[in-house]
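Reproduced below: my_file-v2.pdb, with PDB, C-alpha atoms.
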ATOM      1  CA  MET A   7      -6.468 -14.182 -10.704
ATOM      2  CA  GLN A   8      -7.948 -12.529  -7.615
ATOM      3  CA  ILE A   9      -5.648 -14.538  -5.335
ATOM      4  CA  GLN A  10      -2.551 -13.441  -7.252
ATOM      5  CA  GLU A  11      -3.618  -9.795  -7.015
ATOM      6  CA  ASN A  12      -4.186 -10.097  -3.249
ATOM      7  CA  LYS A  13      -0.753 -11.680  -2.749
ATOM      8  CA  LYS A  14       0.829  -8.821  -4.700
ATOM      9  CA  TYR A  15      -1.097  -6.396  -2.508
ATOM     10  CA  LEU A  16       0.306  -8.000   0.637
ATOM     11  CA  LEU A  17       3.850  -7.904  -0.753
ATOM     12  CA  LEU A  18       3.312  -4.257  -1.689
ATOM     13  CA  LEU A  19       2.336  -3.466   1.914
ATOM     14  CA  TYR A  20       5.571  -4.990   3.174
ATOM     15  CA  MET A  21       7.630  -3.139   0.568
ATOM     16  CA  LEU A  22       5.967   0.182   1.395
ATOM     17  CA  GLY A  23       6.862  -0.366   5.043
ATOM     18  CA  PHE A  24      10.407  -1.292   4.018
ATOM     19  CA  MET A  25      10.784   1.920   2.016
ATOM     20  CA  ALA A  26       9.335   3.949   4.901
ATOM     21  CA  GLY A  27      11.911   2.348   7.222
ATOM     22  CA  ILE A  28      14.757   3.242   4.871
ATOM     23  CA  LEU A  29      13.531   6.813   4.515
ATOM     24  CA  SER A  30      13.012   7.164   8.245
ATOM     25  CA  ALA A  31      16.491   5.846   8.999
ATOM     26  CA  ASN A  32      18.091   8.179   6.475
ATOM     27  CA  LEU A  33      16.076  11.324   7.103
ATOM     28  CA  ILE A  34      14.736  11.282  10.644
ATOM     29  CA  SER A  35      16.867   8.868  12.683
ATOM     30  CA  LYS A  36      20.257   9.293  11.014
ATOM     31  CA  ASP A  37      21.986  10.799  14.066
ATOM     32  CA  TYR A  38      20.440   8.233  16.402
ATOM     33  CA  ILE A  39      21.521   5.358  14.169
ATOM     34  CA  ALA A  40      25.054   6.730  13.908
ATOM     35  CA  GLY A  41      25.313   6.533  17.720
ATOM     36  CA  MET A  42      23.901   3.018  18.018
ATOM     37  CA  GLY A  43      26.250   0.326  19.154
ATOM     38  CA  ILE A  44      24.682  -2.860  17.856
ATOM     39  CA  PHE A  45      26.736  -2.904  14.648
ATOM     40  CA  ASN A  46      29.978  -1.492  16.024
ATOM     41  CA  GLU A  47      33.065  -3.661  16.098
ATOM     42  CA  PHE A  48      33.240  -3.892  19.907
ATOM     43  CA  PHE A  49      29.707  -5.289  20.162
ATOM     44  CA  LEU A  50      30.298  -7.758  17.348
ATOM     45  CA  GLN A  51      33.506  -9.022  18.968
ATOM     46  CA  GLN A  52      31.696  -9.366  22.300
ATOM     47  CA  TYR A  53      29.082 -11.493  20.529
ATOM     48  CA  VAL A  54      31.777 -13.793  19.145
ATOM     49  CA  GLN A  55      33.438 -14.193  22.549
ATOM     50  CA  THR A  56      30.264 -14.699  24.603
ATOM     51  CA  GLU A  57      29.078 -18.227  25.270
ATOM     52  CA  ILE A  58      25.347 -18.592  24.665
ATOM     53  CA  ASP A  59      23.272 -20.594  27.136
ATOM     54  CA  THR A  60      21.102 -22.369  24.575
ATOM     55  CA  GLY A  61      18.497 -23.428  27.128
ATOM     56  CA  ALA A  62      17.858 -19.881  28.311
ATOM     57  CA  PHE A  63      18.111 -18.602  24.734
ATOM     58  CA  PHE A  64      15.512 -21.172  23.631
ATOM     59  CA  TRP A  65      12.955 -19.926  26.181
ATOM     60  CA  TYR A  66      13.757 -16.320  25.310
ATOM     61  CA  ILE A  67      13.161 -16.994  21.608
ATOM     62  CA  ILE A  68       9.888 -18.768  22.366
ATOM     63  CA  ARG A  69       8.679 -15.727  24.332
ATOM     64  CA  ILE A  70       9.583 -13.181  21.673
ATOM     65  CA  ARG A  71       8.346 -15.262  18.721
ATOM     66  CA  ILE A  72       5.071 -16.444  20.233
ATOM     67  CA  GLY A  73       4.047 -12.987  21.533
ATOM     68  CA  PRO A  74       3.337 -11.498  18.081
ATOM     69  CA  VAL A  75       1.563 -14.692  17.032
ATOM     70  CA  ILE A  76      -0.771 -14.493  20.029
ATOM     71  CA  LEU A  77      -1.386 -10.789  19.400
ATOM     72  CA  ALA A  78      -2.150 -11.420  15.713
ATOM     73  CA  VAL A  79      -4.506 -14.284  16.549
ATOM     74  CA  ILE A  80      -6.355 -12.315  19.234
ATOM     75  CA  ALA A  81      -6.641  -9.180  17.099
ATOM     76  CA  GLY A  82      -7.475 -11.357  14.098
ATOM     77  CA  CYS A  83     -10.537 -12.689  15.901
ATOM     78  CA  SER A  84     -12.078  -9.227  15.698
ATOM     79  CA  ARG A  85     -13.483  -7.273  12.796
ATOM     80  CA  LEU A  86     -10.075  -5.649  12.426
ATOM     81  CA  ARG A  87      -8.432  -8.772  10.988
ATOM     82  CA  LYS A  88      -7.536  -7.161   7.638
ATOM     83  CA  GLY A  89      -6.199  -4.128   9.477
ATOM     84  CA  VAL A  90      -4.064  -6.451  11.603
ATOM     85  CA  VAL A  91      -2.575  -7.955   8.442
ATOM     86  CA  VAL A  92      -1.924  -4.512   6.946
ATOM     87  CA  PHE A  93      -0.344  -3.229  10.158
ATOM     88  CA  PHE A  94       1.747  -6.363  10.675
ATOM     89  CA  LEU A  95       3.175  -6.330   7.151
ATOM     90  CA  ALA A  96       3.816  -2.582   7.084
ATOM     91  CA  TRP A  97       5.406  -2.607  10.559
ATOM     92  CA  THR A  98       7.585  -5.633   9.750
ATOM     93  CA  GLY A  99       8.684  -3.953   6.531
ATOM     94  CA  PHE A 100       9.413  -0.715   8.378
ATOM     95  CA  LEU A 101      11.582  -2.467  10.956
ATOM     96  CA  SER A 102      13.394  -4.433   8.241
ATOM     97  CA  GLY A 103      14.177  -1.220   6.388
ATOM     98  CA  MET A 104      15.436   0.457   9.563
ATOM     99  CA  ILE A 105      17.698  -2.463  10.505
ATOM    100  CA  MET A 106      19.146  -2.879   7.010
ATOM    101  CA  THR A 107      19.806   0.842   6.741
ATOM    102  CA  ALA A 108      21.436   0.947  10.171
ATOM    103  CA  ALA A 109      23.649  -1.988   9.203
ATOM    104  CA  VAL A 110      24.728  -0.284   5.984
ATOM    105  CA  MET A 111      25.333   3.033   7.757
ATOM    106  CA  GLN A 112      27.451   1.361  10.425
ATOM    107  CA  ILE A 113      29.492  -1.254   8.538
ATOM    108  CA  GLY A 114      28.701  -0.879   4.837
ATOM    109  CA  ILE A 115      27.961  -3.791   2.529
ATOM    110  CA  LYS A 116      29.114  -6.207   5.247
ATOM    111  CA  GLY A 117      26.066  -5.010   7.194
ATOM    112  CA  ILE A 118      23.676  -6.329   4.569
ATOM    113  CA  LEU A 119      25.449  -9.672   4.618
ATOM    114  CA  LEU A 120      25.371  -9.703   8.429
ATOM    115  CA  CYS A 121      21.625  -9.067   8.347
ATOM    116  CA  LEU A 122      21.133 -11.890   5.852
ATOM    117  CA  VAL A 123      23.226 -14.285   7.934
ATOM    118  CA  GLY A 124      21.287 -13.112  10.994
ATOM    119  CA  ILE A 125      17.942 -14.147   9.504
ATOM    120  CA  LEU A 126      19.026 -17.384   7.884
ATOM    121  CA  PRO A 127      18.228 -20.239   8.024
ATOM    122  CA  HIS A 128      15.297 -19.696  10.418
ATOM    123  CA  PHE A 129      13.390 -16.789   8.860
ATOM    124  CA  PRO A 130      12.077 -18.720   5.831
ATOM    125  CA  PHE A 131      10.260 -20.974   8.314
ATOM    126  CA  TYR A 132       8.789 -17.961  10.130
ATOM    127  CA  ILE A 133       7.809 -16.304   6.854
ATOM    128  CA  ALA A 134       6.005 -19.432   5.687
ATOM    129  CA  GLY A 135       4.250 -19.822   9.051
ATOM    130  CA  TYR A 136       3.170 -16.194   9.173
ATOM    131  CA  ALA A 137       2.074 -16.401   5.523
ATOM    132  CA  ILE A 138      -0.383 -19.129   6.488
ATOM    133  CA  LEU A 139      -1.736 -17.111   9.408
ATOM    134  CA  LEU A 140      -1.837 -13.738   7.675
ATOM    135  CA  TRP A 141      -3.325 -15.114   4.470
ATOM    136  CA  TYR A 142      -6.069 -16.770   6.494
ATOM    137  CA  LEU A 143      -6.802 -13.532   8.364
ATOM    138  CA  PHE A 144      -6.757 -11.529   5.149
ATOM    139  CA  SER A 145      -8.970 -13.876   3.143
ATOM    140  CA  TYR A 146     -11.460 -14.730   5.919
ATOM    141  CA  PRO A 147     -14.379 -15.696   5.525
ATOM    142  CA  LYS A 148     -13.511 -17.141   2.084
ATOM    143  CA  SER A 149     -10.964 -19.461   3.687
ATOM    144  CA  ARG A 150     -11.403 -21.481   6.838
ATOM    145  CA  TRP A 151      -8.879 -22.501   9.441
ATOM    146  CA  ASN A 152      -8.402 -26.269   9.557
ATOM    147  CA  LEU A 153      -6.188 -28.987  10.998
ATOM    148  CA  THR A 154      -3.769 -28.873   8.061
ATOM    149  CA  LYS A 155      -3.146 -25.146   8.556
ATOM    150  CA  THR A 156      -2.703 -25.661  12.286
ATOM    151  CA  VAL A 157      -0.174 -28.478  11.868
ATOM    152  CA  CYS A 158       1.767 -26.626   9.152
ATOM    153  CA  PHE A 159       1.808 -23.392  11.136
ATOM    154  CA  LEU A 160       2.952 -25.057  14.363
ATOM    155  CA  LEU A 161       5.553 -27.156  12.558
ATOM    156  CA  LEU A 162       6.996 -24.169  10.675
ATOM    157  CA  MET A 163       7.166 -21.983  13.777
ATOM    158  CA  SER A 164       8.681 -24.802  15.864
ATOM    159  CA  VAL A 165      11.358 -25.587  13.294
ATOM    160  CA  GLY A 166      12.096 -21.852  12.988
ATOM    161  CA  ILE A 167      12.557 -21.534  16.749
ATOM    162  CA  ILE A 168      14.792 -24.599  16.978
ATOM    163  CA  VAL A 169      16.941 -23.509  14.043
ATOM    164  CA  GLU A 170      17.186 -19.959  15.414
ATOM    165  CA  CYS A 171      18.356 -21.246  18.785
ATOM    166  CA  TYR A 172      20.826 -23.897  17.740
ATOM    167  CA  ILE A 173      22.081 -23.138  14.205
ATOM    168  CA  ASN A 174      21.823 -19.373  13.737
ATOM    169  CA  PRO A 175      24.236 -18.378  16.551
ATOM    170  CA  ILE A 176      26.886 -20.624  15.013
ATOM    171  CA  LEU A 177      26.436 -19.076  11.565
ATOM    172  CA  VAL A 178      26.517 -15.516  12.914
ATOM    173  CA  ARG A 179      29.666 -16.271  14.913
ATOM    174  CA  LEU A 180      31.338 -17.763  11.845
ATOM    175  CA  TYR A 181      30.428 -14.752   9.706
ATOM    176  CA  ILE A 182      31.580 -12.189  12.272
ATOM    177  CA  GLY A 183      34.810 -14.134  12.709
ATOM    178  CA  VAL A 184      35.458 -13.995   8.958
ATOM    179  CA  MET A 185      34.272 -10.389   8.687
TER     180      MET A 185
END

Once you've parsed the file, please lay out its structure as structure tokens.
Amino acid sequence: MQIQENKKYLLLLYMLGFMAGILSANLISKDYIAGMGIFNEFFLQQYVQTEIDTGAFFWYIIRIRIGPVILAVIAGCSRLRKGVVVFFLAWTGFLSGMIMTAAVMQIGIKGILLCLVGILPHFPFYIAGYAILLWYLFSYPKSRWNLTKTVCFLLLMSVGIIVECYINPILVRLYIGVM
């Protein structure tokens, strides 16, 4: 019972961050978001027409995906490990809310679909990997890190990176082309 309540608490932290991101985008950053170019038609067409160097993209994705992991692990080795989990979930939720709101403000319901296509199929692997890490940090010292967690975490993150580099650009291109 306690585990289920803690998992709901962690989901609640993400959702609170998500709501804060939506509110911030609508109330504070509305003018800034309206001027952003990431969801405008010109940028999307440029994305479709640009050839992606998958080798360089692979190393770029490794750098941006491993950085937060290293930060979470280092900060998680301190007494602030629960605070790291709270901050990580709230911040991730906040950014998700901001991006989804910006997409809707710029291109409507197609923006939500673009965001979903943009995070699939790789994000479920990242979510599962981070769930292992964050749950360990949150429930320490009751749970211990072991070889199984290490292998699962590394496998999930690796598959997420590979799928993000080689499959996701194709799916996003297809969706933008149809859009």

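Distance annotation: of A:Ala134, A:Leu143, A:Leu122, A:Ala62, the residue with the minimal separation from Ser164 (chain A) is A:Ala134; atom set is all atoms listed in the file.
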
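Between CA of Val169 (chain A) and CA of Leu17 (chain A) lies a distance of 25.2 Å.
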
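The shell of residues at most 9 Å from Ala96 (chain A), with all atoms listed in the file counted and near chain neighbours (fewer than 6 positions) removed, consists of Leu18, Leu19, Tyr20, Met21, Leu22, Gly23, Phe24 and Ala26 of chain A.
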
Save the residues we just selected, C-alpha atoms, as a PDB file, in the frame of the given file?
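Written out: selection-v7.pdb:
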ATOM      1  CA  LEU A  18       3.312  -4.257  -1.689  1.00  0.00           C
ATOM      2  CA  LEU A  19       2.336  -3.466   1.914  1.00  0.00           C
ATOM      3  CA  TYR A  20       5.571  -4.990   3.174  1.00  0.00           C
ATOM      4  CA  MET A  21       7.630  -3.139   0.568  1.00  0.00           C
ATOM      5  CA  LEU A  22       5.967   0.182   1.395  1.00  0.00           C
ATOM      6  CA  GLY A  23       6.862  -0.366   5.043  1.00  0.00           C
ATOM      7  CA  PHE A  24      10.407  -1.292   4.018  1.00  0.00           C
ATOM      8  CA  ALA A  26       9.335   3.949   4.901  1.00  0.00           C
TER       9      ALA A  26
END

(message) For Ile182 (chain A), find every residue with an atom within 8 Å (counting all atoms listed in the file), except residues of its own chain fewer than 4 positions away, and show them as a ChimeraX atom specification.
(response) /A:50-51,54,120,178

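Close contacts of region 77-86 of chain A, defined as residues with an atom at most 10 Å away when counting only C-alpha atoms, with chain neighbours fewer than 3 positions off set aside, comprise Ile72, Gly73, Pro74, Gly89, Val90, Val91, Val92, Phe94, Tyr136, Leu139, Leu140, Tyr142, Leu143, Phe144 and Tyr146 of chain A.
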
Please enumerate the residues selected by the PyMOL selection byres ((chain A and resi 58) around 12) when evaluated against the supplied file, formatted as a compact mmCIF listing (two decimals) with C-alpha atoms, in the coordinates of the input.
# COMPACT_ATOMS: atom_id res chain seq x y z
CA GLN A 52 31.70 -9.37 22.30
CA TYR A 53 29.08 -11.49 20.53
CA VAL A 54 31.78 -13.79 19.14
CA GLN A 55 33.44 -14.19 22.55
CA THR A 56 30.26 -14.70 24.60
CA GLU A 57 29.08 -18.23 25.27
CA ASP A 59 23.27 -20.59 27.14
CA THR A 60 21.10 -22.37 24.58
CA GLY A 61 18.50 -23.43 27.13
CA ALA A 62 17.86 -19.88 28.31
CA PHE A 63 18.11 -18.60 24.73
CA PHE A 64 15.51 -21.17 23.63
CA TYR A 66 13.76 -16.32 25.31
CA CYS A 171 18.36 -21.25 18.78
CA TYR A 172 20.83 -23.90 17.74
CA ILE A 173 22.08 -23.14 14.20
CA ASN A 174 21.82 -19.37 13.74
CA PRO A 175 24.24 -18.38 16.55
CA ILE A 176 26.89 -20.62 15.01
CA ARG A 179 29.67 -16.27 14.91

(message) For a test of reading the model, state the distance in Å between CA of Gly114 (chain A) and CA of Gly99 (chain A), rounded to one decimal.
(response) 20.3 Å

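The residue that comes closest to Lys88 (chain A), out of A:Val157, A:Ala108, A:Val165, A:Leu16 and on the basis of only C-alpha atoms, is A:Leu16.
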
(request) Starting from the shown file, work through the PyMOL selection byres ((chain A and resi 103) around 9) and note down what comes out as a PyMOL selection string. (result) chain A and resi 21+23-31+98-102+104-108

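Closest approach to Lys14 (chain A) from the set A:Trp141, A:Thr154, A:Ile125, A:Met185 is made by A:Trp141, with distances taken over all atoms listed in the file.
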
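Atom pair CA of Gly135 (chain A) / CA of Val75 (chain A) has a distance of 9.9 Å (rounded to one decimal).
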
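For the choices A:Lys13, A:Ser149, A:Gly183, A:Glu47, the atom-to-atom distance to Ile113 (chain A) is smallest for A:Glu47 when using only C-alpha atoms.
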
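Nearest to Tyr132 (chain A) of all the residues A:Met42, A:Leu95, A:Ile76, A:Leu161 is A:Leu161, based on only C-alpha atoms.
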
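Among A:Val110, A:Ile70, A:Ile44, A:Ile133, the residue with the shortest atom-to-atom distance to Leu162 (chain A), counting only C-alpha atoms, is A:Ile133.
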